[in-house]
Structures are given as structure tokens and as C-alpha cells.
Amino acid sequence: MKLAFRKKKAYTAGQVDFQRLPRHIAVILDGNGRWAQRRGLPRTAGHKAGAETFRTIATYCREIGLEHLTVYAFSTENWKRPRDEVDTIMLLLKRYLLEALNTMERDNVRLRFLGDMSVLNDELRELVDQCNAISARLTGCQCNICINYGGRAEIVHAAKMFAEDCIAGSVKPTELTENLFENYIYSSGIPSPELLIRPGGEQRLSNFLLWQCAYAEFYFTDVLWPDFTKNELHRAIAAYQQRDRRFGGVKK
Ligand code: FPP
């Protein structure tokens, strides 16, 4: 089923080689506010449109056989936004999780949440727990949703966890390696993203996956997230597939 699909789509999606997809794509969902403002709408309308785009792109990523899609839905800094905007984003997340609970088993889609969930309201935390429990028995495409996430906070949290294990005596500071440290970050067990996409015209990381993006290829586009289409995704993947990835070595 997957192979038949790939074969067909290889022609319609231009330059994308679907046999050589990255394993993991990360996306900063940027531009929702501007999308709404340009239409004379409240910023919250942009987030609603952005949540729809996320559904479309996440579904498509599953269809093409991507292993991991990670999205930056809410940062540790986003709490500074007006109350109604924060409430709307939380409501959109809640709606998505409620939907996911009904569809993830059918679609074999795993969800994982990266960030500090302890500050979320009880209802959202309960939904997160339920999605985690279902995901544990699934094997398919994994969608990682970053909520109350910050790259620096993640590294500090990991350092604290490691220090606690040192105090407890289960590990020694001298035993720390990059591989071991990865066990302590929120995304432990998830391969690092090969491709990071940022729509919305800004060209920065904004505290997203600082550890994980050490060797990611970056793709920036002026397209605002709510206008991001499957074809935009094709462009990003095609650009990635033309990059010369040397990981600090030299070209063979
Ligand atoms: C950044 O755009 C976007 C956010 C801070 C929120 C993204 C959240 C969603 C799309 C809602 C739900 C998500 C899921 C995964 C269901 P911005 O508002 O900073 O845009 P701007 O730079 O144009 O102001």
C-alpha cells in the first residue's frame, strides 16, 4: 500500500525522491498571527487556521511514510502572549488531542509530547497521558508536539536529571557522553531531525530543538504557516535532498 502510493506520488510531487525521505522533519509553526492580521482577523483566527494546516500536513506525512514529525506548538516564552491567545492555543491543542484519541489507533499514529507538561491544566495533562498510553501500543508514524517547550530549558532539565542520578550513585560524572546525555532530554529515543522547516519569513531557531538540530538542514520560507501546503513540503524536502551533508567531514 505504502509502496504503491510512493510510486504514484513520485511523479506528481516534482523533484521529491520518496525513497530517500528524511526520517524526521521538524517544523516551527510560524506566521499564524500575521496571516490573520493581513485578513483583518484576530490573531486567534490565525492559530485556528494553523491548526488546520497542521492536520493536513501531519496526515500527509503519515501517508508518505515519514517516521517522525515534530512541531513547535507552544514555547516556554509563549506564556507572555495575551491571555485570550494563550487560551485559544490551549483549546486548539485540547481539540486536537480529543480527536487524536478517536483516530490514532485506526491510523496507527503515535503522539509524544516534548516539554514541561506539569504546568498544563489538569484536563490537558489527562489527555496527554491518555494519548501517551495509546501510543505505547502503536508502531506507526510518530508526531511529536512541543508544548511549553524550550531548548535551553530542556538541556538544563536533562543536566539536573543526570546530576540526580549521579547523587543517587547510578552513574558517574566521568561516564557522561553525548549518547548518554540523550537519554535525559525530552526527545530521548527519537532520531535527530534531518530537516528543520521554518515558514513565516524569520530565519532563527527561537529556542527550538537546540540539542537535536546540531546537524539539521534548515529550510526557510516566507510562506506563512496557515498557507503552507503539501507542495511547500515537497519544496522543502526536495531542497533537503539536494544538500551535501558532510557532518564535519569532507566530500567523498
Ligand atoms: C507562532 O505563530 C505560532 C504559535 C505560537 C502557536 C502555534 C499553535 C497552533 C497552530 C495551534 C495548535 C497546534 C496543534 C499542533 C494542534 P505566531 O503567532 O508567532 O505568528 P506571527 O509571527 O505571525 O505573529
# chains A, B, ... in the order shown; residues from 1 in each chain; ligands from 1

call {"tool": "select_by_dssp", "arguments": {"residues": "stretch 133-190 of chain A", "states": "strand (DSSP E or B)", "output": "mmCIF file with N, CA and C atoms, in the first residue's frame"}}
result
data_model
loop_
_atom_site.group_PDB
_atom_site.id
_atom_site.type_symbol
_atom_site.label_atom_id
_atom_site.label_comp_id
_atom_site.auth_asym_id
_atom_site.auth_seq_id
_atom_site.Cartn_x
_atom_site.Cartn_y
_atom_site.Cartn_z
ATOM 1 N N GLN A 142 5.234 8.801 14.107
ATOM 2 C CA GLN A 142 5.149 9.474 15.410
ATOM 3 C C GLN A 142 5.140 10.985 15.244
ATOM 4 N N CYS A 143 4.116 11.597 15.820
ATOM 5 C CA CYS A 143 4.036 13.049 15.789
ATOM 6 C C CYS A 143 4.417 13.579 17.173
ATOM 7 N N ASN A 144 5.458 14.375 17.216
ATOM 8 C CA ASN A 144 5.938 14.914 18.490
ATOM 9 C C ASN A 144 5.483 16.363 18.592
ATOM 10 N N ILE A 145 4.712 16.649 19.630
ATOM 11 C CA ILE A 145 4.164 18.003 19.762
ATOM 12 C C ILE A 145 4.860 18.690 20.940
ATOM 13 N N CYS A 146 5.541 19.791 20.639
ATOM 14 C CA CYS A 146 6.265 20.517 21.686
ATOM 15 C C CYS A 146 5.327 21.520 22.337
ATOM 16 N N ILE A 147 5.091 21.311 23.619
ATOM 17 C CA ILE A 147 4.196 22.198 24.373
ATOM 18 C C ILE A 147 4.949 22.662 25.618
ATOM 19 N N ASN A 148 4.868 23.943 25.899
ATOM 20 C CA ASN A 148 5.669 24.518 26.991
ATOM 21 C C ASN A 148 7.103 24.006 26.872
ATOM 22 N N TYR A 149 7.611 24.123 25.652
ATOM 23 C CA TYR A 149 8.931 23.606 25.320
ATOM 24 C C TYR A 149 9.924 24.752 25.119
#

call {"tool": "residues_near_ligand", "arguments": {"ligand": "ligand 1", "cutoff": "7 Å", "atoms": "only C-alpha atoms and all ligand atoms", "output": "JSON, numbers by chain"}}
result
{"A": [29, 30, 31, 32, 33, 34, 35, 43, 47, 48, 50, 51, 54, 71, 72, 73, 74, 75, 78, 89, 92, 93, 96, 145, 200]}

call {"tool": "select_by_dssp", "arguments": {"residues": "stretch 56-195 of chain A", "states": "alpha helix (DSSP H)", "output": "PyMOL selection string"}}
result
chain A and resi 56-64+83-107+122-135+151-168+178-182

call {"tool": "residues_around", "arguments": {"residues": "A:Gly189", "least_positions_apart": "2", "cutoff": "12 Å", "atoms": "only C-alpha atoms", "output": "MDAnalysis selection string"}}
result
chainID A and resid 68 112 142 144 179:187 191:192 212

call {"tool": "closest_residue", "arguments": {"among": "A:Leu196, A:Ala45, A:Leu224, A:Val16", "to": "A:Leu210", "atoms": "only C-alpha atoms"}}
result
A:Leu196

call {"tool": "residues_around", "arguments": {"residues": "stretch 118-127 of chain A", "least_positions_apart": "6", "cutoff": "8 Å", "atoms": "only C-alpha atoms", "output": "ChimeraX atom specification"}}
result
/A:94,97-98

call {"tool": "closest_residue", "arguments": {"among": "A:Arg235, A:Arg204, A:Arg81, A:Arg198", "to": "A:Phe220", "atoms": "only C-alpha atoms"}}
result
A:Arg198

call {"tool": "residues_around", "arguments": {"residues": "A:Arg137", "least_positions_apart": "2", "cutoff": "10 Å", "atoms": "only C-alpha atoms", "output": "ChimeraX atom specification"}}
result
/A:105,108,110,132-135,139-140

call {"tool": "closest_residue", "arguments": {"among": "A:Glu85, A:Glu67, A:Glu217, A:Glu232", "to": "A:Gly46", "atoms": "only C-alpha atoms"}}
result
A:Glu85

call {"tool": "closest_residue", "arguments": {"among": "A:Leu114, A:Val223, A:Ala236, A:Ile28", "to": "A:Ile190", "atoms": "only C-alpha atoms"}}
result
A:Leu114

call {"tool": "atom_distance", "arguments": {"atom1": "atom CA of A:Leu111", "atom2": "atom CA of A:Cys141"}}
result
8.6 Å

call {"tool": "atom_distance", "arguments": {"atom1": "atom CA of A:Leu205", "atom2": "atom CA of A:Arg152"}}
result
11.6 Å

call {"tool": "closest_residue", "arguments": {"among": "A:Ala58, A:Val250, A:Leu21, A:Leu176", "to": "A:Thr70", "atoms": "only C-alpha atoms"}}
result
A:Ala58

call {"tool": "residues_around", "arguments": {"residues": "A:Phe218", "least_positions_apart": "4", "cutoff": "12 Å", "atoms": "only C-alpha atoms", "output": "ChimeraX atom specification"}}
result
/A:25-28,193-199,202-205,213-214,236-237,239-241,243,245
